[in-house]
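Trainee: Supplied structure: start.txt, compact mmCIF, C-alpha atoms.
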```txt
# COMPACT_ATOMS: atom_id res chain seq x y z
CA GLN A 1 0.00 0.00 0.00
CA VAL A 2 1.16 3.51 -0.84
CA GLN A 3 0.30 6.53 1.29
CA LEU A 4 0.29 10.07 -0.07
CA VAL A 5 0.58 13.09 2.19
CA GLU A 6 -0.14 16.50 0.74
CA SER A 7 0.78 19.87 2.14
CA GLY A 8 1.07 23.49 1.13
CA GLY A 9 -2.51 24.60 0.66
CA GLY A 10 -3.95 27.69 2.26
CA LEU A 11 -5.50 31.10 1.76
CA VAL A 12 -3.85 33.57 -0.57
CA GLN A 13 -4.83 36.79 -2.30
CA ALA A 14 -5.30 36.94 -6.03
CA GLY A 15 -1.95 37.26 -7.75
CA GLY A 16 -0.19 35.35 -4.99
CA SER A 17 1.63 32.04 -5.02
CA LEU A 18 1.49 28.70 -3.27
CA ARG A 19 3.54 25.53 -3.55
CA LEU A 20 1.88 22.18 -3.01
CA SER A 21 3.78 19.04 -2.11
CA CYS A 22 2.76 15.40 -2.17
CA ALA A 23 5.05 12.80 -0.64
CA ALA A 24 4.60 9.09 -1.26
CA SER A 25 5.57 6.45 1.27
CA GLY A 26 4.89 2.82 2.00
CA ARG A 27 5.28 -0.14 -0.31
CA ILE A 28 6.40 1.76 -3.37
CA PHE A 29 7.14 -0.48 -6.31
CA SER A 30 8.08 2.12 -8.88
CA ILE A 31 6.49 5.48 -9.38
CA ASN A 32 5.57 6.29 -12.92
CA ASN A 33 3.21 9.14 -13.70
CA MET A 34 2.38 11.74 -11.07
CA ALA A 35 -0.38 14.30 -11.39
CA TRP A 36 -2.40 17.00 -9.71
CA TYR A 37 -6.18 17.29 -9.96
CA ARG A 38 -8.58 19.74 -8.44
CA LEU A 39 -12.20 19.77 -7.39
CA ALA A 40 -14.14 22.98 -6.94
CA PRO A 41 -17.67 23.18 -5.51
CA GLY A 42 -20.24 22.48 -8.18
CA ASN A 43 -17.62 21.31 -10.67
CA GLN A 44 -16.27 17.97 -11.74
CA ARG A 45 -12.77 16.95 -10.82
CA GLU A 46 -10.37 18.24 -13.43
CA LEU A 47 -6.80 17.41 -14.34
CA VAL A 48 -4.38 20.22 -13.64
CA ALA A 49 -0.95 18.86 -14.60
CA THR A 50 0.96 15.63 -15.13
CA ILE A 51 4.59 14.62 -15.08
CA THR A 52 6.09 11.36 -16.27
CA SER A 53 8.94 9.46 -14.69
CA GLY A 54 11.18 10.99 -17.33
CA GLY A 55 10.11 14.52 -16.47
CA SER A 56 7.80 15.27 -19.38
CA THR A 57 4.97 17.56 -18.36
CA ASN A 58 1.50 18.48 -19.53
CA TYR A 59 -0.82 21.18 -18.29
CA ALA A 60 -4.47 22.04 -18.50
CA HIS A 61 -5.02 25.10 -20.65
CA PHE A 62 -6.31 27.11 -17.71
CA VAL A 63 -3.02 26.88 -15.79
CA LYS A 64 -0.46 27.05 -18.58
CA GLY A 65 2.17 29.65 -17.88
CA ARG A 66 1.10 30.00 -14.26
CA PHE A 67 1.59 26.55 -12.68
CA THR A 68 4.65 24.31 -12.77
CA ILE A 69 4.69 20.63 -11.86
CA SER A 70 7.95 19.00 -10.81
CA ARG A 71 9.11 15.91 -8.98
CA ASP A 72 11.96 14.68 -6.83
CA ASN A 73 12.34 10.99 -7.53
CA ALA A 74 14.76 10.47 -4.64
CA LYS A 75 12.08 11.74 -2.26
CA ASN A 76 9.10 10.23 -4.11
CA THR A 77 7.55 13.68 -4.06
CA VAL A 78 5.65 15.73 -6.59
CA TYR A 79 5.23 19.49 -6.38
CA LEU A 80 2.92 22.06 -7.88
CA GLN A 81 4.17 25.62 -7.93
CA MET A 82 1.20 27.91 -8.45
CA ASN A 83 1.80 31.53 -9.39
CA SER A 84 -0.54 34.35 -10.40
CA LEU A 85 -3.36 32.63 -8.59
CA GLU A 86 -6.91 33.62 -9.45
CA PRO A 87 -10.14 33.21 -7.46
CA GLU A 88 -11.17 30.62 -10.06
CA ASP A 89 -8.29 28.44 -8.84
CA THR A 90 -10.05 27.95 -5.52
CA ALA A 91 -10.50 24.19 -5.05
CA VAL A 92 -9.33 21.13 -3.21
CA TYR A 93 -6.18 19.90 -4.90
CA TYR A 94 -5.40 16.20 -5.02
CA CYS A 95 -2.24 14.42 -6.06
CA ASN A 96 -2.45 11.18 -7.96
CA VAL A 97 0.46 8.78 -8.21
CA GLN A 98 0.90 5.68 -10.32
CA SER A 99 2.94 2.98 -8.60
CA GLY A 100 3.31 -0.10 -10.71
CA ILE A 101 -0.12 -0.66 -12.24
CA ARG A 102 -2.08 0.97 -9.42
CA PHE A 103 -3.11 4.57 -8.82
CA TYR A 104 -3.26 6.28 -5.46
CA TRP A 105 -4.86 9.52 -4.29
CA GLY A 106 -3.81 12.01 -1.68
CA GLN A 107 -6.25 13.30 0.93
CA GLY A 108 -6.55 16.69 -0.73
CA THR A 109 -5.43 20.13 0.32
CA GLN A 110 -7.61 23.23 0.19
CA VAL A 111 -6.49 26.21 -1.85
CA THR A 112 -8.52 29.38 -1.46
CA VAL A 113 -7.81 32.49 -3.49
CA SER A 114 -9.47 35.70 -2.38
CA SER A 115 -10.20 38.57 -4.76
```
Could you spell out this file's structure in structure tokens?

Mentor:
Amino acid sequence: QVQLVESGGGLVQAGGSLRLSCAASGRIFSINNMAWYRLAPGNQRELVATITSGGSTNYAHFVKGRFTISRDNAKNTVYLQMNSLEPEDTAVYYCNVQSGIRFYWGQGTQVTVSS
């Protein structure tokens, strides 16, 4: 079993920045893709960004140029640097990690952006 612990959420004013972290521990076989999703009230969960084991990244159109996903393979950790935050970015952010053939979810961390 793999456990994911997220941190870094909080309240920030529009235009501000936050950095989310998600650390994996437990019976880690090999971590492949890592990703961040978000869920806002009244919306469906949406993919924010992904990063492969080789470091290739992809972003949702609504965060391109503002968010950066990265990973530290030695620490089994994925990060999401969020800059120029907007009130529309308010959501619970979840990390998702592929270990072997299974996918695991973090508990979620709240990000609130005030206008």

Trainee: Residues within 12 Å of region 9-11 of chain A, please, as a PyMOL selection string. Count all atoms listed in the file; anything in the same chain fewer than 5 positions from it doesn't count.

Mentor: chain A and resi 16-22+38+79-82+85-87+89-94+107-115

Trainee: Point out the residue among A:Ala24, A:Leu47, A:Leu39, A:Ile101 with the least atom-to-atom distance to Arg71 (chain A), counting only C-alpha atoms.

Mentor: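 Smallest distance to Arg71 (chain A) is found for A:Ala24.
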
Trainee: Can you pull out the residues contacting Gly106 (chain A)? Cut-off 6 Å, using only C-alpha atoms, and skip same-chain residues under 6 positions away; I want them as number ranges by chain.

Mentor: A: 4-5, 94-95

Trainee: Just the residues within 12 Å of Gln1 (chain A), please, counting all atoms listed in the file, with nothing from its chain fewer than 4 positions along; format it as a VMD selection string.

Mentor: chain A and resid 24 to 29 98 to 100 102 to 105

Trainee: CA of Ser70 (chain A) and CA of Val12 (chain A), how far apart in Å?

Mentor: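 Atom-to-atom, CA of Val12 (chain A) to CA of Ser70 (chain A), that is 21.4 Å.
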
Trainee: Can you work out the spacing between CA of Thr57 (chain A) and CA of Gly42 (chain A) in Å, to one decimal?

Mentor: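 One can read the CA of Thr57 (chain A) to CA of Gly42 (chain A) distance as 27.6 Å.
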
Trainee: Using all atoms listed in the file, can you tell me which of A:Val78, A:Glu88, A:Asn96, A:Lys64 comes closest to Pro41 (chain A)?

Mentor: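 Counting all atoms listed in the file, the residue closest to Pro41 (chain A) is A:Glu88.
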
Trainee: CA of Ala49 (chain A) to CA of Asn83 (chain A): how many Å, to one decimal?

Mentor: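 Answer for the CA of Ala49 (chain A) to CA of Asn83 (chain A) separation: 14.0 Å.
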
Trainee: Taking 3 positions as the minimum chain separation for residues in the same chain, which residues sit within 9 Å of Gly54 (chain A) when counting all atoms listed in the file? Answer as number ranges by chain.

Mentor: A: 32-33, 51

Trainee: Could I see region 84-95 of chain A restored to all heavy atoms, set down as a CSV table (one decimal), keeping the file's coordinate frame?

Mentor:
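Contents of rebuild-v9.csv, freshly written:
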```csv
chain,number,residue,atom,x,y,z
A,84,SER,N,0.5,33.5,-9.8
A,84,SER,CA,-0.5,34.4,-10.4
A,84,SER,C,-1.9,33.7,-10.1
A,84,SER,O,-2.7,33.6,-11.1
A,84,SER,CB,-0.3,34.5,-11.9
A,84,SER,OG,0.9,35.1,-12.1
A,85,LEU,N,-2.1,33.3,-8.9
A,85,LEU,CA,-3.4,32.6,-8.6
A,85,LEU,C,-4.6,33.5,-8.8
A,85,LEU,O,-4.5,34.8,-8.5
A,85,LEU,CB,-3.3,32.1,-7.1
A,85,LEU,CG,-2.5,30.8,-7.0
A,85,LEU,CD1,-2.1,30.6,-5.5
A,85,LEU,CD2,-3.2,29.6,-7.5
A,86,GLU,N,-5.7,32.9,-9.2
A,86,GLU,CA,-6.9,33.6,-9.4
A,86,GLU,C,-8.0,33.0,-8.6
A,86,GLU,O,-7.9,31.8,-8.2
A,86,GLU,CB,-7.3,33.5,-10.9
A,86,GLU,CG,-6.2,33.9,-11.9
A,86,GLU,CD,-6.5,33.5,-13.3
A,86,GLU,OE1,-7.4,32.7,-13.5
A,86,GLU,OE2,-5.8,34.0,-14.2
A,87,PRO,N,-9.0,33.8,-8.3
A,87,PRO,CA,-10.1,33.2,-7.5
A,87,PRO,C,-10.7,31.9,-8.1
A,87,PRO,O,-11.1,31.0,-7.3
A,87,PRO,CB,-11.2,34.3,-7.5
A,87,PRO,CG,-10.4,35.6,-7.6
A,87,PRO,CD,-9.2,35.2,-8.5
A,88,GLU,N,-10.7,31.8,-9.4
A,88,GLU,CA,-11.2,30.6,-10.1
A,88,GLU,C,-10.3,29.4,-9.8
A,88,GLU,O,-10.7,28.3,-10.1
A,88,GLU,CB,-11.2,30.8,-11.6
A,88,GLU,CG,-12.3,31.9,-12.0
A,88,GLU,CD,-11.9,33.3,-11.7
A,88,GLU,OE1,-10.6,33.6,-11.5
A,88,GLU,OE2,-12.8,34.2,-11.7
A,89,ASP,N,-9.1,29.6,-9.2
A,89,ASP,CA,-8.3,28.4,-8.8
A,89,ASP,C,-8.7,27.8,-7.5
A,89,ASP,O,-8.1,26.8,-7.1
A,89,ASP,CB,-6.8,28.9,-8.8
A,89,ASP,CG,-6.3,29.3,-10.1
A,89,ASP,OD1,-6.6,28.6,-11.1
A,89,ASP,OD2,-5.6,30.3,-10.2
A,90,THR,N,-9.6,28.5,-6.8
A,90,THR,CA,-10.0,28.0,-5.5
A,90,THR,C,-10.6,26.5,-5.7
A,90,THR,O,-11.6,26.3,-6.5
A,90,THR,CB,-11.1,28.9,-4.9
A,90,THR,OG1,-10.5,30.1,-4.6
A,90,THR,CG2,-11.7,28.3,-3.6
A,91,ALA,N,-10.1,25.6,-4.9
A,91,ALA,CA,-10.5,24.2,-5.0
A,91,ALA,C,-9.7,23.4,-4.0
A,91,ALA,O,-8.8,23.9,-3.4
A,91,ALA,CB,-10.2,23.7,-6.5
A,92,VAL,N,-10.1,22.1,-3.9
A,92,VAL,CA,-9.3,21.1,-3.2
A,92,VAL,C,-8.4,20.5,-4.2
A,92,VAL,O,-8.9,20.0,-5.3
A,92,VAL,CB,-10.2,20.1,-2.5
A,92,VAL,CG1,-9.3,19.1,-1.8
A,92,VAL,CG2,-11.1,20.8,-1.5
A,93,TYR,N,-7.2,20.5,-4.0
A,93,TYR,CA,-6.2,19.9,-4.9
A,93,TYR,C,-5.7,18.5,-4.4
A,93,TYR,O,-5.4,18.4,-3.2
A,93,TYR,CB,-5.0,20.8,-5.0
A,93,TYR,CG,-5.3,22.0,-5.9
A,93,TYR,CD1,-6.1,23.1,-5.4
A,93,TYR,CD2,-4.8,22.2,-7.2
A,93,TYR,CE1,-6.4,24.2,-6.2
A,93,TYR,CE2,-5.1,23.3,-8.0
A,93,TYR,CZ,-5.9,24.3,-7.5
A,93,TYR,OH,-6.2,25.4,-8.3
A,94,TYR,N,-5.7,17.6,-5.3
A,94,TYR,CA,-5.4,16.2,-5.0
A,94,TYR,C,-4.2,15.8,-5.9
A,94,TYR,O,-4.2,16.0,-7.1
A,94,TYR,CB,-6.6,15.3,-5.3
A,94,TYR,CG,-7.8,15.5,-4.5
A,94,TYR,CD1,-8.8,16.4,-5.0
A,94,TYR,CD2,-8.0,14.8,-3.3
A,94,TYR,CE1,-9.9,16.6,-4.2
A,94,TYR,CE2,-9.2,15.1,-2.6
A,94,TYR,CZ,-10.1,16.0,-3.0
A,94,TYR,OH,-11.3,16.2,-2.3
A,95,CYS,N,-3.3,15.1,-5.3
A,95,CYS,CA,-2.2,14.4,-6.1
A,95,CYS,C,-2.7,13.0,-6.4
A,95,CYS,O,-3.4,12.4,-5.7
A,95,CYS,CB,-0.9,14.4,-5.4
A,95,CYS,SG,-0.8,13.5,-3.8
```
